[in-house]
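Enquirer: Next comes entry_11.txt, compact mmCIF, C-alpha atoms:
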```txt
# COMPACT_ATOMS: atom_id res chain seq x y z
CA MET A 40 -2.87 -9.56 18.43
CA ILE A 41 -2.33 -6.52 16.23
CA ASN A 42 -5.11 -6.04 13.68
CA ILE A 43 -4.31 -4.48 10.33
CA ALA A 44 -6.59 -3.30 7.55
CA ILE A 45 -5.47 -3.26 3.94
CA ILE A 46 -6.88 -0.67 1.55
CA ALA A 47 -6.42 -1.16 -2.19
CA SER A 48 -7.72 0.16 -5.51
CA GLY A 49 -6.65 -2.46 -8.04
CA SER A 50 -5.74 -6.08 -8.59
CA GLY A 51 -4.70 -6.79 -5.02
CA SER A 52 -1.39 -8.56 -5.66
CA ASN A 53 0.33 -6.74 -2.77
CA ALA A 54 -2.70 -7.33 -0.54
CA GLU A 55 -2.55 -11.06 -1.32
CA ASN A 56 1.18 -11.13 -0.59
CA ILE A 57 0.60 -9.44 2.78
CA ILE A 58 -2.24 -11.84 3.63
CA LYS A 59 -0.09 -14.87 2.80
CA TYR A 60 2.79 -13.49 4.87
CA PHE A 61 0.65 -13.06 8.00
CA GLN A 62 -1.59 -16.10 7.46
CA ASN A 63 -0.08 -18.11 10.32
CA SER A 64 1.15 -15.24 12.49
CA SER A 65 0.36 -15.26 16.18
CA GLN A 66 1.07 -11.52 16.43
CA VAL A 67 -0.41 -9.82 13.34
CA ASN A 68 -3.83 -10.40 11.82
CA VAL A 69 -5.21 -9.04 8.55
CA LYS A 70 -8.64 -8.22 9.98
CA ALA A 71 -10.21 -6.29 7.09
CA VAL A 72 -9.64 -5.44 3.44
CA TYR A 73 -11.24 -2.46 1.74
CA CYS A 74 -11.35 -1.28 -1.86
CA ASN A 75 -12.71 1.86 -3.48
CA ASN A 76 -13.05 0.41 -6.98
CA PRO A 77 -16.03 -1.95 -7.44
CA LYS A 78 -14.47 -3.35 -10.65
CA ALA A 79 -11.06 -4.13 -9.11
CA PHE A 80 -9.76 -7.69 -9.38
CA ILE A 81 -9.00 -7.75 -5.65
CA PHE A 82 -12.61 -8.82 -5.00
CA GLN A 83 -12.01 -12.05 -6.94
CA ARG A 84 -8.38 -12.50 -5.89
CA LEU A 85 -9.11 -12.74 -2.17
CA VAL A 86 -12.08 -15.15 -2.37
CA LYS A 87 -9.73 -18.12 -1.96
CA TYR A 88 -8.66 -16.73 1.44
CA GLY A 89 -12.23 -16.42 2.65
CA ILE A 90 -11.82 -12.65 2.89
CA GLU A 91 -14.71 -10.43 1.95
CA VAL A 92 -13.39 -7.18 0.50
CA GLN A 93 -15.52 -4.27 1.66
CA LEU A 94 -16.33 -1.52 -0.81
CA ILE A 95 -15.72 2.03 0.38
CA THR A 96 -17.38 5.08 -1.11
CA LYS A 97 -16.07 8.62 -1.39
CA GLU A 98 -18.88 9.79 0.85
CA GLY A 99 -18.04 7.25 3.56
CA PHE A 100 -14.33 7.96 3.22
CA TYR A 101 -14.30 11.76 3.03
CA GLU A 102 -17.63 13.22 4.07
CA ASN A 103 -18.76 11.22 7.10
CA SER A 104 -17.39 8.78 9.66
CA THR A 105 -18.57 5.55 7.99
CA PHE A 106 -15.08 4.33 7.13
CA ILE A 107 -13.48 5.30 10.45
CA ASP A 108 -16.43 3.67 12.26
CA SER A 109 -15.82 0.44 10.32
CA LEU A 110 -12.15 0.47 11.30
CA GLY A 111 -13.16 0.92 14.94
CA GLN A 112 -15.68 -1.92 14.79
CA ASN A 113 -12.92 -4.15 13.41
CA LYS A 114 -10.52 -2.98 16.16
CA ILE A 115 -7.93 -1.96 13.57
CA ASP A 116 -4.53 -0.92 14.92
CA PHE A 117 -2.72 -0.14 11.63
CA ILE A 118 -3.80 0.67 8.07
CA ILE A 119 -1.79 -0.58 5.10
CA LEU A 120 -2.19 1.10 1.72
CA ALA A 121 -1.48 -1.43 -1.03
CA GLY A 122 -2.04 0.37 -4.29
CA PHE A 123 -4.66 2.72 -2.89
CA LEU A 124 -5.02 5.84 -5.03
CA TRP A 125 -7.11 8.29 -2.98
CA LEU A 126 -5.54 10.99 -0.84
CA ILE A 127 -5.97 10.10 2.84
CA PRO A 128 -8.21 12.62 4.64
CA THR A 129 -6.98 14.49 7.70
CA GLN A 130 -9.60 12.93 9.97
CA LEU A 131 -8.26 9.44 9.17
CA ILE A 132 -4.65 10.54 9.70
CA ASN A 133 -5.67 12.04 13.05
CA ALA A 134 -7.49 8.83 14.03
CA TYR A 135 -4.41 6.72 13.12
CA PRO A 136 -1.35 8.96 13.70
CA ASN A 137 1.82 7.26 12.41
CA LYS A 138 -0.18 4.09 11.88
CA ILE A 139 -0.90 4.34 8.15
CA ILE A 140 1.78 2.76 5.96
CA ASN A 141 2.06 3.13 2.18
CA ILE A 142 4.29 1.66 -0.49
CA HIS A 143 5.35 3.70 -3.51
CA PRO A 144 6.93 2.23 -6.67
CA ALA A 145 9.85 4.67 -6.83
CA LEU A 146 12.63 6.07 -4.71
CA LEU A 147 10.91 9.05 -3.14
CA PRO A 148 11.12 12.00 -3.31
CA LYS A 149 11.50 11.24 -7.03
CA TYR A 150 8.34 10.40 -8.98
CA GLY A 151 5.84 10.95 -6.19
CA GLY A 152 2.68 12.99 -5.90
CA LYS A 153 -0.80 13.01 -7.36
CA GLY A 154 -1.15 10.83 -10.44
CA MET A 155 2.20 9.11 -9.90
CA TYR A 156 1.35 5.45 -9.44
CA GLY A 157 1.98 2.15 -11.19
CA ASN A 158 3.00 2.41 -14.82
CA HIS A 159 2.88 6.22 -14.70
CA VAL A 160 5.88 6.07 -12.36
CA HIS A 161 7.69 3.40 -14.39
CA ALA A 162 7.17 5.37 -17.63
CA ALA A 163 8.63 8.51 -16.04
CA VAL A 164 11.62 6.53 -14.77
CA LEU A 165 12.14 5.01 -18.23
CA ASN A 166 11.70 8.31 -20.08
CA ASN A 167 14.21 10.04 -17.82
CA ARG A 168 16.74 7.27 -18.40
CA GLU A 169 17.26 6.64 -14.72
CA LEU A 170 19.96 4.14 -13.77
CA GLU A 171 18.01 2.85 -10.79
CA THR A 172 14.55 2.78 -9.31
CA GLY A 173 12.97 0.94 -6.44
CA ILE A 174 10.38 1.14 -3.70
CA THR A 175 9.72 3.43 -0.79
CA ILE A 176 7.72 2.36 2.24
CA HIS A 177 6.59 5.37 4.22
CA LEU A 178 4.17 6.69 6.80
CA VAL A 179 1.24 8.65 5.41
CA ASN A 180 0.57 12.33 6.01
CA GLU A 181 -1.85 14.80 4.40
CA ASN A 182 0.13 14.97 1.13
CA TYR A 183 0.71 12.31 -1.49
CA ASP A 184 3.99 10.46 -0.91
CA GLU A 185 5.50 12.93 1.56
CA GLY A 186 5.35 11.01 4.84
CA GLU A 187 8.36 9.84 6.81
CA ILE A 188 10.37 7.25 4.88
CA LEU A 189 10.69 3.95 6.72
CA PHE A 190 12.52 1.86 4.13
CA GLN A 191 13.80 1.97 0.56
CA ALA A 192 15.12 -0.77 -1.72
CA LYS A 193 16.75 -0.21 -5.10
CA CYS A 194 17.13 -2.06 -8.35
CA SER A 195 19.28 -1.24 -11.36
CA ILE A 196 17.90 -0.31 -14.74
CA ILE A 197 19.76 -1.19 -17.91
CA PRO A 198 19.13 0.56 -21.25
CA GLU A 199 17.40 -2.54 -22.65
CA ASP A 200 14.78 -2.59 -19.87
CA SER A 201 11.22 -2.07 -21.05
CA LEU A 202 8.41 -0.53 -19.02
CA GLU A 203 7.22 -4.06 -18.25
CA LYS A 204 10.67 -5.17 -17.10
CA ILE A 205 10.99 -2.15 -14.79
CA ALA A 206 7.54 -2.88 -13.36
CA GLU A 207 8.53 -6.52 -12.79
CA LYS A 208 11.71 -5.52 -10.95
CA VAL A 209 9.80 -3.08 -8.74
CA HIS A 210 7.02 -5.61 -8.01
CA ASN A 211 9.64 -8.14 -6.95
CA LEU A 212 11.01 -5.61 -4.45
CA GLU A 213 7.49 -4.91 -3.18
CA TYR A 214 6.74 -8.58 -2.64
CA GLU A 215 10.09 -9.21 -0.96
CA HIS A 216 10.09 -6.27 1.45
CA PHE A 217 6.62 -4.83 2.11
CA PRO A 218 5.22 -7.53 4.45
CA ARG A 219 8.48 -7.73 6.41
CA ILE A 220 8.65 -3.96 6.92
CA ILE A 221 4.97 -3.87 7.94
CA GLU A 222 5.71 -6.55 10.52
CA GLN A 223 8.71 -4.62 11.87
CA VAL A 224 6.73 -1.38 12.12
CA VAL A 225 3.64 -2.82 13.79
CA LEU A 226 5.72 -4.89 16.22
CA LYS A 227 7.92 -1.84 16.84
CA THR A 228 11.15 -3.57 15.89
CA ILE A 229 12.26 -0.71 13.63
```
Now that the file is in, can you turn its structure into structure tokens?

Expert:
Amino acid sequence: MINIAIIASGSGSNAENIIKYFQNSSQVNVKAVYCNNPKAFIFQRLVKYGIEVQLITKEGFYENSTFIDSLGQNKIDFIILAGFLWLIPTQLINAYPNKIINIHPALLPKYGGKGMYGNHVHAAVLNNRELETGITIHLVNENYDEGEILFQAKCSIIPEDSLEKIAEKVHNLEYEHFPRIIEQVVLKTI
């Protein structure tokens, strides 16, 4: 069994989608879920799955080994970032080389980097009158949104699309593709 940990910062909709996808898997297990935002909705969202979301602190994430120790205790094989906003520290990348997967709500290298997440990305796409946007699933390195690209999916944008409509299109791509690509990566089928 391959154990994955999900790390999130917000509502947890992608985390829930991943949990539902792997719920009956005999090969992949969502072993732990972590969040850095004590006010995030993910804490309430995952109650119905019997999953206790563990709060992580900056100190435990960046300054000591508390977080890495927790991953080890849970026998985590892969880490999935599902709307997690902190930069991943080098010690975590070294502990999990090529085993940290992120999803970004744009077609990288466009609209990536610090501060480019969620509606900030969709607003930039809208303001620049892009004809398409999408998702990028990538490995994580020491820089925001610069790791090796594993998968991209696109959707068209029409002039009438609002910020909310663009976000909806991108979320639909995330829900459709992210769990499947995670499965392929962790089972080494891509």

Enquirer: Please, what distance in Å, to one decimal, runs between CA of Ser104 in chain A and CA of Leu120 in chain A?

Expert: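 Interatomic distance, CA of Ser104 in chain A to CA of Leu120 in chain A: 18.8 Å.
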
Enquirer: Between A:Phe106, A:Tyr101, A:Phe80, A:Tyr214, which has the minimum distance to Lys59 in chain A (counting only C-alpha atoms)?

Expert: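 Nearest to Lys59 in chain A: A:Tyr214.
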
Enquirer: Ranking A:Ile118, A:Leu110, A:Val67, A:Val160 by minimum distance to Ile45 in chain A and counting all atoms listed in the file, which one comes first?

Expert: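 Among the listed residues, the smallest separation from Ile45 in chain A belongs to A:Ile118.
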
Enquirer: Residues at most 6 Å from Ile43 in chain A, counting all atoms listed in the file, excluding those fewer than 2 positions away in the same chain, as a ChimeraX atom specification?

Expert: /A:69-70,115-118

Enquirer: As number ranges by chain, please: the residues near range 163-175 of chain A (cut-off 10 Å, all atoms listed in the file, same-chain neighbours under 3 positions excluded).

Expert: A: 141-150, 155, 158-160, 178, 184, 188-198, 200-202, 205-206, 208-213, 216-217

Enquirer: So what do you get for CA of Ala71 in chain A versus CA of Asn56 in chain A, distance-wise?

Expert: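 Going from CA of Ala71 in chain A over to CA of Asn56 in chain A covers 14.6 Å.
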
Enquirer: If you measure from CA of Arg84 in chain A to CA of Glu55 in chain A, what distance in Å do you get, rounded to one decimal?

Expert: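 Between these atoms lies a distance of 7.5 Å.
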
Enquirer: Which residues, written as an MDAnalysis selection string, have at least one atom at most 9 Å from Arg219 in chain A, with only C-alpha atoms counted and residues fewer than 4 positions away on the same chain left out?

Expert: chainID A and resid 57 60 215 223:224

Enquirer: Name the residues, using the chain letters and numbers of the file, that sit within 9 Å of (0.3, 9.7, 2.3) when counting all atoms listed in the file, and give them as a PyMOL selection string.

Expert: chain A and resi 120+126-127+132+139-141+177-186

Enquirer: Compare A:Asp108, A:Gln93, A:Tyr88, A:Pro77 by their minimum atom-to-atom distance to Ile58 in chain A, counting all atoms listed in the file, and give me the closest one.

Expert: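 Checking each candidate against Ile58 in chain A, we get A:Tyr88 as the closest.
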
Enquirer: Identify, on the basis of all atoms listed in the file, every residue whose closest approach to Ser65 in chain A does not exceed 12 Å; exclude the query and any residue fewer than 2 positions from it along the same chain; express the result as a PyMOL selection string.

Expert: chain A and resi 40-42+60-63+67-69+222+226
